[in-house]
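Q: My structure is stored as model01.pdb, with PDB, C-alpha atoms.
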```
ATOM      1  CA  MET B 202     -11.499  13.724   7.718
ATOM      2  CA  GLY B 203     -12.004  15.721   4.542
ATOM      3  CA  LEU B 204     -14.909  13.585   3.338
ATOM      4  CA  ALA B 205     -17.738  15.443   1.596
ATOM      5  CA  GLY B 206     -20.891  15.341   3.731
ATOM      6  CA  GLU B 207     -23.617  14.736   1.141
ATOM      7  CA  PRO B 208     -22.406  11.304  -0.092
ATOM      8  CA  LEU B 209     -21.982  10.171   3.525
ATOM      9  CA  LYS B 210     -25.521  11.347   4.283
ATOM     10  CA  HIS B 211     -26.788   9.177   1.414
ATOM     11  CA  PHE B 212     -24.705   6.256   2.664
ATOM     12  CA  PHE B 213     -26.156   6.372   6.178
ATOM     13  CA  GLU B 214     -29.666   6.902   4.784
ATOM     14  CA  LEU B 215     -29.218   3.715   2.759
ATOM     15  CA  GLN B 216     -27.852   1.895   5.807
ATOM     16  CA  ALA B 217     -30.859   2.966   7.892
ATOM     17  CA  ARG B 218     -33.317   1.958   5.156
ATOM     18  CA  LEU B 219     -31.759  -1.489   4.731
ATOM     19  CA  ALA B 220     -31.763  -1.962   8.507
ATOM     20  CA  ARG B 221     -35.480  -1.075   8.631
ATOM     21  CA  GLU B 222     -36.220  -3.574   5.866
ATOM     22  CA  VAL B 223     -34.416  -6.350   7.748
ATOM     23  CA  GLN B 224     -36.147  -5.374  10.975
ATOM     24  CA  THR B 225     -39.565  -5.360   9.310
ATOM     25  CA  GLY B 226     -38.896  -8.805   7.873
ATOM     26  CA  LEU B 227     -37.955 -10.132  11.309
ATOM     27  CA  HIS B 228     -41.115  -8.680  12.881
ATOM     28  CA  ASP B 229     -43.249 -10.269  10.160
ATOM     29  CA  GLU B 230     -41.583 -13.606  10.811
ATOM     30  CA  TRP B 231     -42.121 -13.304  14.564
ATOM     31  CA  HIS B 232     -45.789 -12.403  14.119
ATOM     32  CA  ALA B 233     -46.271 -15.439  11.898
ATOM     33  CA  HIS B 234     -44.175 -17.996  13.771
ATOM     34  CA  GLY B 235     -43.418 -16.551  17.195
ATOM     35  CA  PHE B 236     -40.185 -15.206  18.668
ATOM     36  CA  SER B 237     -37.517 -17.907  18.993
ATOM     37  CA  TYR B 238     -34.260 -15.973  19.450
ATOM     38  CA  SER B 239     -32.075 -18.166  21.649
ATOM     39  CA  GLU B 240     -29.189 -15.784  22.444
ATOM     40  CA  PRO B 241     -29.330 -13.354  25.403
ATOM     41  CA  VAL B 242     -31.002 -10.082  24.453
ATOM     42  CA  THR B 243     -28.673  -7.066  24.721
ATOM     43  CA  THR B 244     -30.153  -3.981  26.350
ATOM     44  CA  LEU B 245     -30.166  -0.711  24.426
ATOM     45  CA  VAL B 246     -27.951   0.807  27.124
ATOM     46  CA  ALA B 247     -25.278  -1.781  26.349
ATOM     47  CA  LEU B 248     -25.892  -1.806  22.601
ATOM     48  CA  ARG B 249     -25.766   1.946  21.897
ATOM     49  CA  PRO B 250     -22.012   2.428  22.645
ATOM     50  CA  LYS B 251     -21.227  -0.506  20.353
ATOM     51  CA  LEU B 252     -23.292   1.040  17.551
ATOM     52  CA  ASP B 253     -21.585   4.402  18.064
ATOM     53  CA  GLY B 254     -18.219   2.675  17.879
ATOM     54  CA  LEU B 255     -19.242   0.936  14.658
ATOM     55  CA  THR B 256     -20.169   4.311  13.163
ATOM     56  CA  VAL B 257     -16.635   5.569  13.784
ATOM     57  CA  ASP B 258     -15.209   2.337  12.340
ATOM     58  CA  ILE B 259     -17.327   2.756   9.205
ATOM     59  CA  LEU B 260     -16.222   6.384   8.728
ATOM     60  CA  GLN B 261     -12.569   5.409   9.140
ATOM     61  CA  ALA B 262     -12.986   2.541   6.669
ATOM     62  CA  ILE B 263     -14.582   4.859   4.093
ATOM     63  CA  TYR B 264     -11.776   7.378   4.650
ATOM     64  CA  LEU B 265      -9.108   4.734   4.028
ATOM     65  CA  ALA B 266     -10.939   3.345   1.007
ATOM     66  CA  ALA B 267     -11.790   6.722  -0.563
ATOM     67  CA  PRO B 268      -9.052   6.596  -3.273
ATOM     68  CA  VAL B 269     -10.361   3.200  -4.410
ATOM     69  CA  LEU B 270     -14.036   4.162  -4.114
ATOM     70  CA  GLN B 271     -13.461   7.034  -6.554
ATOM     71  CA  ARG B 272     -11.976   4.840  -9.280
ATOM     72  CA  ASP B 273     -13.997   4.878 -12.500
ATOM     73  CA  ASP B 274     -14.245   1.080 -12.531
ATOM     74  CA  PHE B 275     -15.098   0.699  -8.832
ATOM     75  CA  GLU B 276     -18.698  -0.525  -9.211
ATOM     76  CA  VAL B 277     -17.882  -3.005 -11.971
ATOM     77  CA  HIS B 278     -14.692  -4.216 -10.306
ATOM     78  CA  TYR B 279     -16.327  -4.913  -6.920
ATOM     79  CA  ALA B 280     -19.732  -6.202  -8.057
ATOM     80  CA  ALA B 281     -18.721  -9.870  -7.841
ATOM     81  CA  LEU B 282     -17.103  -9.392  -4.425
ATOM     82  CA  ALA B 283     -20.229  -7.656  -3.102
ATOM     83  CA  GLU B 284     -22.378 -10.568  -4.286
ATOM     84  CA  GLN B 285     -20.001 -13.010  -2.614
ATOM     85  CA  GLN B 286     -19.663 -11.193   0.719
ATOM     86  CA  LEU B 287     -23.066  -9.529   1.256
ATOM     87  CA  ARG B 288     -25.311 -12.574   1.539
ATOM     88  CA  THR B 289     -27.003 -12.291   4.941
ATOM     89  CA  ALA B 290     -30.766 -11.757   5.264
ATOM     90  CA  GLY B 291     -31.996  -8.640   3.493
ATOM     91  CA  TRP B 292     -29.352  -8.374   0.784
ATOM     92  CA  THR B 293     -30.520  -8.373  -2.824
ATOM     93  CA  ASP B 294     -28.861  -7.656  -6.170
ATOM     94  CA  ARG B 295     -30.615  -4.302  -6.182
ATOM     95  CA  ASN B 296     -29.472  -3.038  -2.789
ATOM     96  CA  ARG B 297     -25.942  -4.376  -3.314
ATOM     97  CA  GLN B 298     -25.793  -2.234  -6.447
ATOM     98  CA  GLU B 299     -27.226   0.706  -4.505
ATOM     99  CA  LEU B 300     -24.504   0.360  -1.909
ATOM    100  CA  LEU B 301     -21.748   0.261  -4.533
ATOM    101  CA  GLY B 302     -23.257   3.348  -6.200
ATOM    102  CA  VAL B 303     -23.391   5.312  -2.946
ATOM    103  CA  LEU B 304     -19.823   4.328  -2.043
ATOM    104  CA  HIS B 305     -18.645   5.341  -5.502
ATOM    105  CA  SER B 306     -20.102   8.812  -4.916
ATOM    106  CA  VAL B 307     -17.751   9.430  -1.947
ATOM    107  CA  ARG B 308     -15.651  12.548  -2.512
ATOM    108  CA  VAL B 309     -12.740  14.136  -0.675
ATOM    109  CA  THR B 310     -12.705  17.866   0.057
ATOM    110  CA  PRO B 311      -9.553  19.980   0.576
ATOM    111  CA  VAL B 312      -8.465  19.740   4.201
ATOM    112  CA  SER B 313      -5.004  20.130   5.686
ATOM    113  CA  ALA B 314      -3.117  16.868   6.163
ATOM    114  CA  LEU B 315      -2.698  17.386   9.896
ATOM    115  CA  GLN B 316      -6.440  17.979  10.326
ATOM    116  CA  ARG B 317      -7.240  14.767   8.414
ATOM    117  CA  ILE B 318      -4.711  12.804  10.463
ATOM    118  CA  SER B 319      -6.016  14.173  13.752
ATOM    119  CA  SER B 320      -9.705  13.747  12.855
ATOM    120  CA  SER B 321      -9.305  10.217  11.495
ATOM    121  CA  GLY B 322      -6.946   9.108  14.260
ATOM    122  CA  MET B 323      -4.738   7.509  11.593
ATOM    123  CA  LEU B 324      -1.461   8.217   9.814
ATOM    124  CA  ARG B 325      -1.509   6.584   6.372
ATOM    125  CA  VAL B 326       2.002   5.522   5.394
ATOM    126  CA  GLY B 327       2.727   4.334   1.868
ATOM    127  CA  THR B 328       5.466   1.728   1.664
ATOM    128  CA  THR B 329       6.643  -0.864  -0.856
ATOM    129  CA  GLY B 330       7.621  -3.571   1.630
ATOM    130  CA  ASP B 331      10.414  -4.797  -0.635
ATOM    131  CA  TYR B 332      13.461  -2.759   0.353
ATOM    132  CA  ALA B 333      15.448  -3.973   3.347
ATOM    133  CA  PRO B 334      16.648  -2.651   5.721
ATOM    134  CA  PHE B 335      14.039   0.119   5.447
ATOM    135  CA  SER B 336      10.752  -1.674   4.719
ATOM    136  CA  LEU B 337      10.243  -5.387   4.188
ATOM    137  CA  GLU B 338       7.020  -7.430   4.149
ATOM    138  CA  ALA B 339       7.219 -11.112   5.004
ATOM    139  CA  HIS B 340       4.297 -13.413   5.866
ATOM    140  CA  GLY B 341       1.939 -10.458   6.192
ATOM    141  CA  THR B 342       4.177  -8.534   8.603
ATOM    142  CA  LEU B 343       6.133  -5.347   7.908
ATOM    143  CA  SER B 344       9.499  -4.674   9.493
ATOM    144  CA  GLY B 345      12.442  -2.361   8.964
ATOM    145  CA  SER B 346      13.951   0.892  10.164
ATOM    146  CA  ASP B 347      11.398   3.071   8.360
ATOM    147  CA  ILE B 348       8.506   1.004   9.719
ATOM    148  CA  ASP B 349       9.845   1.703  13.219
ATOM    149  CA  LEU B 350      10.159   5.412  12.391
ATOM    150  CA  ALA B 351       6.592   5.521  11.058
ATOM    151  CA  GLN B 352       5.276   3.945  14.247
ATOM    152  CA  LYS B 353       7.185   6.476  16.359
ATOM    153  CA  LEU B 354       5.884   9.362  14.252
ATOM    154  CA  ALA B 355       2.304   8.126  14.650
ATOM    155  CA  ALA B 356       2.813   7.869  18.419
ATOM    156  CA  GLN B 357       4.078  11.473  18.478
ATOM    157  CA  LEU B 358       0.899  12.526  16.666
ATOM    158  CA  HIS B 359      -1.269  10.410  19.033
ATOM    159  CA  VAL B 360      -2.717   8.389  16.155
ATOM    160  CA  ARG B 361      -2.252   4.858  14.860
ATOM    161  CA  PRO B 362      -0.184   4.054  11.766
ATOM    162  CA  VAL B 363      -1.926   2.424   8.800
ATOM    163  CA  PHE B 364       0.461   1.040   6.188
ATOM    164  CA  VAL B 365      -0.722   1.309   2.579
ATOM    165  CA  HIS B 366       0.954  -0.859  -0.053
ATOM    166  CA  THR B 367       2.467   0.999  -2.985
ATOM    167  CA  THR B 368       5.084   0.204  -5.627
ATOM    168  CA  TRP B 369       8.086   2.130  -6.896
ATOM    169  CA  SER B 370       6.388   2.666 -10.246
ATOM    170  CA  SER B 371       3.043   3.819  -8.776
ATOM    171  CA  MET B 372       4.279   5.736  -5.706
ATOM    172  CA  LEU B 373       3.972   9.233  -7.183
ATOM    173  CA  ASP B 374       0.550   8.494  -8.681
ATOM    174  CA  ASP B 375      -0.653   7.030  -5.374
ATOM    175  CA  LEU B 376       0.576  10.111  -3.531
ATOM    176  CA  GLY B 377      -1.169  12.343  -6.078
ATOM    177  CA  ARG B 378      -4.505  10.565  -5.630
ATOM    178  CA  ASP B 379      -4.171  10.853  -1.832
ATOM    179  CA  ALA B 380      -3.810   7.134  -1.143
ATOM    180  CA  PHE B 381      -1.545   7.965   1.809
ATOM    181  CA  ASP B 382      -0.256  10.938   3.799
ATOM    182  CA  LEU B 383       3.436  10.229   3.359
ATOM    183  CA  SER B 384       5.685   7.558   1.930
ATOM    184  CA  MET B 385       8.491   5.834   3.817
ATOM    185  CA  GLY B 386      10.787   2.939   3.037
ATOM    186  CA  GLY B 387      14.128   4.129   1.674
ATOM    187  CA  VAL B 388      12.668   6.706  -0.719
ATOM    188  CA  SER B 389      15.560   8.471  -2.468
ATOM    189  CA  ILE B 390      15.326  12.155  -3.322
ATOM    190  CA  THR B 391      14.977  12.643  -7.080
ATOM    191  CA  PRO B 392      13.910  15.667  -9.169
ATOM    192  CA  ALA B 393      10.730  13.906 -10.314
ATOM    193  CA  ARG B 394       9.718  13.144  -6.742
ATOM    194  CA  GLU B 395      10.635  16.623  -5.511
ATOM    195  CA  ALA B 396       8.359  18.074  -8.189
ATOM    196  CA  GLN B 397       5.334  16.320  -6.654
ATOM    197  CA  GLY B 398       6.093  16.018  -2.956
ATOM    198  CA  ALA B 399       8.019  17.529  -0.077
ATOM    199  CA  PHE B 400      10.873  15.586   1.507
ATOM    200  CA  SER B 401      11.906  15.512   5.128
ATOM    201  CA  VAL B 402      15.476  16.282   6.114
ATOM    202  CA  PRO B 403      17.431  13.244   4.843
ATOM    203  CA  TYR B 404      18.287  10.756   7.590
ATOM    204  CA  ALA B 405      20.404   8.485   5.379
ATOM    205  CA  SER B 406      22.612   9.007   2.353
ATOM    206  CA  GLY B 407      24.401   6.789  -0.121
ATOM    207  CA  GLY B 408      24.569   5.964  -3.787
ATOM    208  CA  LYS B 409      24.384   3.298  -6.454
ATOM    209  CA  THR B 410      26.984   0.558  -6.524
ATOM    210  CA  ILE B 411      27.480  -2.830  -8.184
ATOM    211  CA  LEU B 412      26.434  -6.202  -6.764
ATOM    212  CA  ALA B 413      27.506  -9.452  -8.432
ATOM    213  CA  ARG B 414      28.351 -13.053  -7.668
ATOM    214  CA  CYS B 415      31.598 -13.182  -5.719
ATOM    215  CA  ALA B 416      33.162 -15.441  -8.375
ATOM    216  CA  ASP B 417      32.580 -12.715 -10.987
ATOM    217  CA  ALA B 418      33.143  -9.638  -8.825
ATOM    218  CA  ARG B 419      36.594  -8.831 -10.262
ATOM    219  CA  LYS B 420      35.089  -8.451 -13.740
ATOM    220  CA  PHE B 421      33.112  -5.407 -12.589
ATOM    221  CA  HIS B 422      35.716  -3.751 -10.392
ATOM    222  CA  GLY B 423      36.113  -1.014 -13.014
ATOM    223  CA  GLY B 424      32.663   0.451 -12.424
ATOM    224  CA  LEU B 425      30.010   1.263 -15.004
ATOM    225  CA  ALA B 426      32.310   0.787 -18.017
ATOM    226  CA  SER B 427      32.968  -2.811 -17.002
ATOM    227  CA  VAL B 428      29.212  -3.448 -16.697
ATOM    228  CA  ASP B 429      27.989  -1.781 -19.887
ATOM    229  CA  ARG B 430      29.054  -4.535 -22.278
ATOM    230  CA  PRO B 431      26.906  -6.545 -24.706
ATOM    231  CA  LYS B 432      27.159  -9.931 -22.970
ATOM    232  CA  VAL B 433      26.515  -8.614 -19.438
ATOM    233  CA  ARG B 434      22.980  -9.069 -18.035
ATOM    234  CA  VAL B 435      21.905  -6.318 -15.626
ATOM    235  CA  ILE B 436      18.859  -7.152 -13.493
ATOM    236  CA  VAL B 437      16.527  -4.384 -12.251
ATOM    237  CA  ASN B 438      13.350  -4.086 -10.190
ATOM    238  CA  PRO B 439      10.768  -1.996 -12.077
ATOM    239  CA  GLY B 440       9.806   1.575 -11.338
ATOM    240  CA  GLY B 441      12.457   2.692  -8.881
ATOM    241  CA  THR B 442      15.695   4.612  -9.076
ATOM    242  CA  ASN B 443      17.656   1.428  -9.826
ATOM    243  CA  GLU B 444      15.829   0.955 -13.116
ATOM    244  CA  GLN B 445      15.976   4.681 -13.885
ATOM    245  CA  TYR B 446      19.735   4.740 -13.403
ATOM    246  CA  VAL B 447      20.301   1.621 -15.488
ATOM    247  CA  ARG B 448      18.124   2.766 -18.390
ATOM    248  CA  SER B 449      19.802   6.180 -18.407
ATOM    249  CA  ASN B 450      23.379   4.910 -18.209
ATOM    250  CA  VAL B 451      23.519   1.355 -19.533
ATOM    251  CA  HIS B 452      23.343   1.245 -23.332
ATOM    252  CA  HIS B 453      25.078  -1.971 -24.396
ATOM    253  CA  ALA B 454      24.406  -4.554 -21.653
ATOM    254  CA  GLN B 455      21.186  -6.588 -21.550
ATOM    255  CA  ILE B 456      18.573  -5.285 -19.100
ATOM    256  CA  VAL B 457      16.566  -7.976 -17.280
ATOM    257  CA  VAL B 458      13.434  -6.785 -15.439
ATOM    258  CA  PHE B 459      12.415  -8.863 -12.409
ATOM    259  CA  PRO B 460       9.205  -7.785 -10.610
ATOM    260  CA  ASP B 461       9.885  -8.834  -6.998
ATOM    261  CA  ASN B 462      12.666  -6.894  -5.299
ATOM    262  CA  ARG B 463      12.532  -9.283  -2.347
ATOM    263  CA  ALA B 464      13.550 -12.280  -4.499
ATOM    264  CA  ILE B 465      15.739 -10.488  -7.025
ATOM    265  CA  PHE B 466      18.955 -11.399  -5.221
ATOM    266  CA  ASP B 467      18.192 -15.097  -5.515
ATOM    267  CA  GLU B 468      17.888 -14.543  -9.272
ATOM    268  CA  LEU B 469      21.329 -12.981  -9.319
ATOM    269  CA  ARG B 470      22.832 -15.726  -7.190
ATOM    270  CA  ALA B 471      21.225 -18.402  -9.406
ATOM    271  CA  GLY B 472      22.984 -17.003 -12.467
ATOM    272  CA  HIS B 473      19.898 -15.600 -14.206
ATOM    273  CA  ALA B 474      21.713 -12.245 -14.361
ATOM    274  CA  ASP B 475      25.277 -11.050 -13.875
ATOM    275  CA  VAL B 476      24.970  -7.699 -12.116
ATOM    276  CA  MET B 477      22.559  -5.619 -10.070
ATOM    277  CA  ILE B 478      23.117  -1.893  -9.668
ATOM    278  CA  THR B 479      21.511  -0.834  -6.403
ATOM    279  CA  ASP B 480      22.005   1.412  -3.387
ATOM    280  CA  ASP B 481      25.131   0.720  -1.388
ATOM    281  CA  VAL B 482      23.190   0.073   1.848
ATOM    282  CA  GLU B 483      21.177  -2.641   0.094
ATOM    283  CA  ALA B 484      24.303  -4.084  -1.541
ATOM    284  CA  GLU B 485      26.018  -4.361   1.847
ATOM    285  CA  LEU B 486      22.985  -5.968   3.501
ATOM    286  CA  GLN B 487      22.189  -8.428   0.721
ATOM    287  CA  SER B 488      25.809  -9.526   0.263
ATOM    288  CA  HIS B 489      25.757 -10.339   3.975
ATOM    289  CA  ASN B 490      22.407 -12.167   3.716
ATOM    290  CA  HIS B 491      23.194 -14.050   0.492
ATOM    291  CA  PRO B 492      26.425 -16.082   0.540
ATOM    292  CA  GLY B 493      27.986 -15.944  -2.890
ATOM    293  CA  LEU B 494      27.042 -12.307  -3.594
ATOM    294  CA  CYS B 495      29.633  -9.556  -3.219
ATOM    295  CA  ARG B 496      29.866  -5.836  -3.684
ATOM    296  CA  ALA B 497      31.882  -5.678  -6.896
ATOM    297  CA  PHE B 498      32.667  -1.945  -6.915
ATOM    298  CA  PRO B 499      34.328  -0.381  -3.855
ATOM    299  CA  GLY B 500      32.897   3.092  -4.427
ATOM    300  CA  MET B 501      29.596   4.619  -5.476
ATOM    301  CA  LEU B 502      28.403   5.481  -8.951
ATOM    302  CA  THR B 503      26.075   8.226  -7.655
ATOM    303  CA  HIS B 504      25.277  10.015  -4.409
ATOM    304  CA  ALA B 505      21.834  10.855  -3.033
ATOM    305  CA  GLY B 506      19.832  11.288   0.191
TER     306      GLY B 506
END
```
Could you write out this file's structure as structure tokens?
A:
Amino acid sequence: MGLAGEPLKHFFELQARLAREVQTGLHDEWHAHGFSYSEPVTTLVALRPKLDGLTVDILQAIYLAAPVLQRDDFEVHYAALAEQQLRTAGWTDRNRQELLGVLHSVRVTPVSALQRISSSGMLRVGTTGDYAPFSLEAHGTLSGSDIDLAQKLAAQLHVRPVFVHTTWSSMLDDLGRDAFDLSMGGVSITPAREAQGAFSVPYASGGKTILARCADARKFHGGLASVDRPKVRVIVNPGGTNEQYVRSNVHHAQIVVFPDNRAIFDELRAGHADVMITDDVEAELQSHNHPGLCRAFPGMLTHAG
């Protein structure tokens, strides 16, 4: 999986030591008060496969968590959660801190992506979950055309897909720190992204266009010039190509930043902004899903894959 061996050795040594301490405590209690375990005793023959399976689960969990475990503030950030969650017999402040320290020492070694994917049995897919029809999260469930494609790709590789949340503003940084193997969800090709990652052959193309309330759509029929006026409020979701385009090309209109791309169209419909410049596929979908919103510009302001 590309995980350095020495930190994992220390982790399993700590696990074995803590298990021995718990076991010793139980034996002392039984010697003093007698054995009173009411549940059926599992034989070692039945227990061993379960323990082996747990070992694989632990390795996979460490592999998925590795980018977080290596953060400088990991031990401080997770100390309270460790105290809250690790409260069964045998846990103390000291060994909780030991565990956090060992986990923080986890390191990733250079290994090809395909080897990591095959060895871990997982394809880590970064996605924002806020860009229909490609990737949309609702009530804890992801859906969309790119989610379907990711699942098919994982099946082709004989692994399971694991979706990792990212944002438009952090996507390149998350890719650089190896938080996922690839990103999917309507990711447009831009020079900045091409400088840090490789793109597949484009399977969709389009460009930026103008979305507005239907009652005001005629005002913006003239394209960017009709938008870039002092009294016009242009709403953007942070970090993505929509914001980049607006900040590069809109110099007189007011720019309104709204953090949730899933609810941004309700803001536009409610009159909290006048215009959204977004990809034409999103403009078509959201004008269909939100009565009162219309594509105000018949063409495209840009073109990209």
Q: Restricting the calculation to all atoms listed in the file, which member of B:Asp467, B:Asp480, B:Asp375, B:Asp229 is positioned closest to Val326 in chain B?
A: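 Among the listed residues, B:Asp375 lies closest to Val326 in chain B.
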Q: Evaluate the PyMOL selection byres ((chain B and resi 383-394) around 8) against this structure - the residues, as number ranges by chain, please.
A: B: 325-330, 332, 335-336, 347-348, 351, 372-373, 376, 381-382, 395-398, 400, 442, 505-506
Q: Those selected residues, please, written with C-alpha atoms and delivered as a CSV table (one decimal), in the coordinates of the input.
A:
```
chain,number,residue,atom,x,y,z
B,325,ARG,CA,-1.5,6.6,6.4
B,326,VAL,CA,2.0,5.5,5.4
B,327,GLY,CA,2.7,4.3,1.9
B,328,THR,CA,5.5,1.7,1.7
B,329,THR,CA,6.6,-0.9,-0.9
B,330,GLY,CA,7.6,-3.6,1.6
B,332,TYR,CA,13.5,-2.8,0.4
B,335,PHE,CA,14.0,0.1,5.4
B,336,SER,CA,10.8,-1.7,4.7
B,347,ASP,CA,11.4,3.1,8.4
B,348,ILE,CA,8.5,1.0,9.7
B,351,ALA,CA,6.6,5.5,11.1
B,372,MET,CA,4.3,5.7,-5.7
B,373,LEU,CA,4.0,9.2,-7.2
B,376,LEU,CA,0.6,10.1,-3.5
B,381,PHE,CA,-1.5,8.0,1.8
B,382,ASP,CA,-0.3,10.9,3.8
B,395,GLU,CA,10.6,16.6,-5.5
B,396,ALA,CA,8.4,18.1,-8.2
B,397,GLN,CA,5.3,16.3,-6.7
B,398,GLY,CA,6.1,16.0,-3.0
B,400,PHE,CA,10.9,15.6,1.5
B,442,THR,CA,15.7,4.6,-9.1
B,505,ALA,CA,21.8,10.9,-3.0
B,506,GLY,CA,19.8,11.3,0.2
```
Q: Here is a test: counting only C-alpha atoms, which residue of B:Pro334, B:Gly302, B:Pro431, B:Gly203 is nearest to Ala454 in chain B?
A: B:Pro431
Q: Between B:His211, B:Arg496, B:His359, B:His453, which residue has the minimum interatomic distance to Gly322 in chain B, considering all atoms listed in the file?
A: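 Of B:His211, B:Arg496, B:His359, B:His453, the one nearest Gly322 in chain B is B:His359, counting all atoms listed in the file.
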Q: Please, which residues in range 315-400 of chain B fall within 12 Å of range 235-259 of chain B when counting all atoms listed in the file, and what is the closest atom pair and distance in Å to one decimal for each, ordered by chain then residue number, as a tab-separated table?
A:
```
residue	atom	partner	partner_atom	distance
B:Ser320	CA	B:Val257	CA	10.8
B:Ser321	CA	B:Val257	CA	9.0
B:Gly322	CA	B:Val257	CA	10.3
B:Met323	CA	B:Asp258	CA	11.7
```
Q: Include C-alpha atoms and write out the residues we just selected as an mmCIF file, keeping the file's coordinate frame.
A:
```
data_model
loop_
_atom_site.group_PDB
_atom_site.id
_atom_site.type_symbol
_atom_site.label_atom_id
_atom_site.label_comp_id
_atom_site.auth_asym_id
_atom_site.auth_seq_id
_atom_site.Cartn_x
_atom_site.Cartn_y
_atom_site.Cartn_z
ATOM 1 C CA SER B 320 -9.705 13.747 12.855
ATOM 2 C CA SER B 321 -9.305 10.217 11.495
ATOM 3 C CA GLY B 322 -6.946 9.108 14.260
ATOM 4 C CA MET B 323 -4.738 7.509 11.593
#
```
Q: Selected by the PyMOL selection byres ((chain B and resi 268) around 10) in the shown coordinates: which residues, as JSON, numbers by chain?
A: {"B": [263, 264, 265, 266, 267, 269, 270, 271, 272, 305, 307, 308, 309, 375, 378, 379, 380, 381]}
Q: Enclose all atoms of range 221-231 of chain B listed in the file in an axis-aligned box, grow every side by 6 Å, and hand back centre and edge lengths in Å to one decimal, as AutoDock Vina command-line options.
A:
```
--center_x -38.8 --center_y -7.3 --center_z 10.2 --size_x 20.8 --size_y 24.5 --size_z 20.7
```
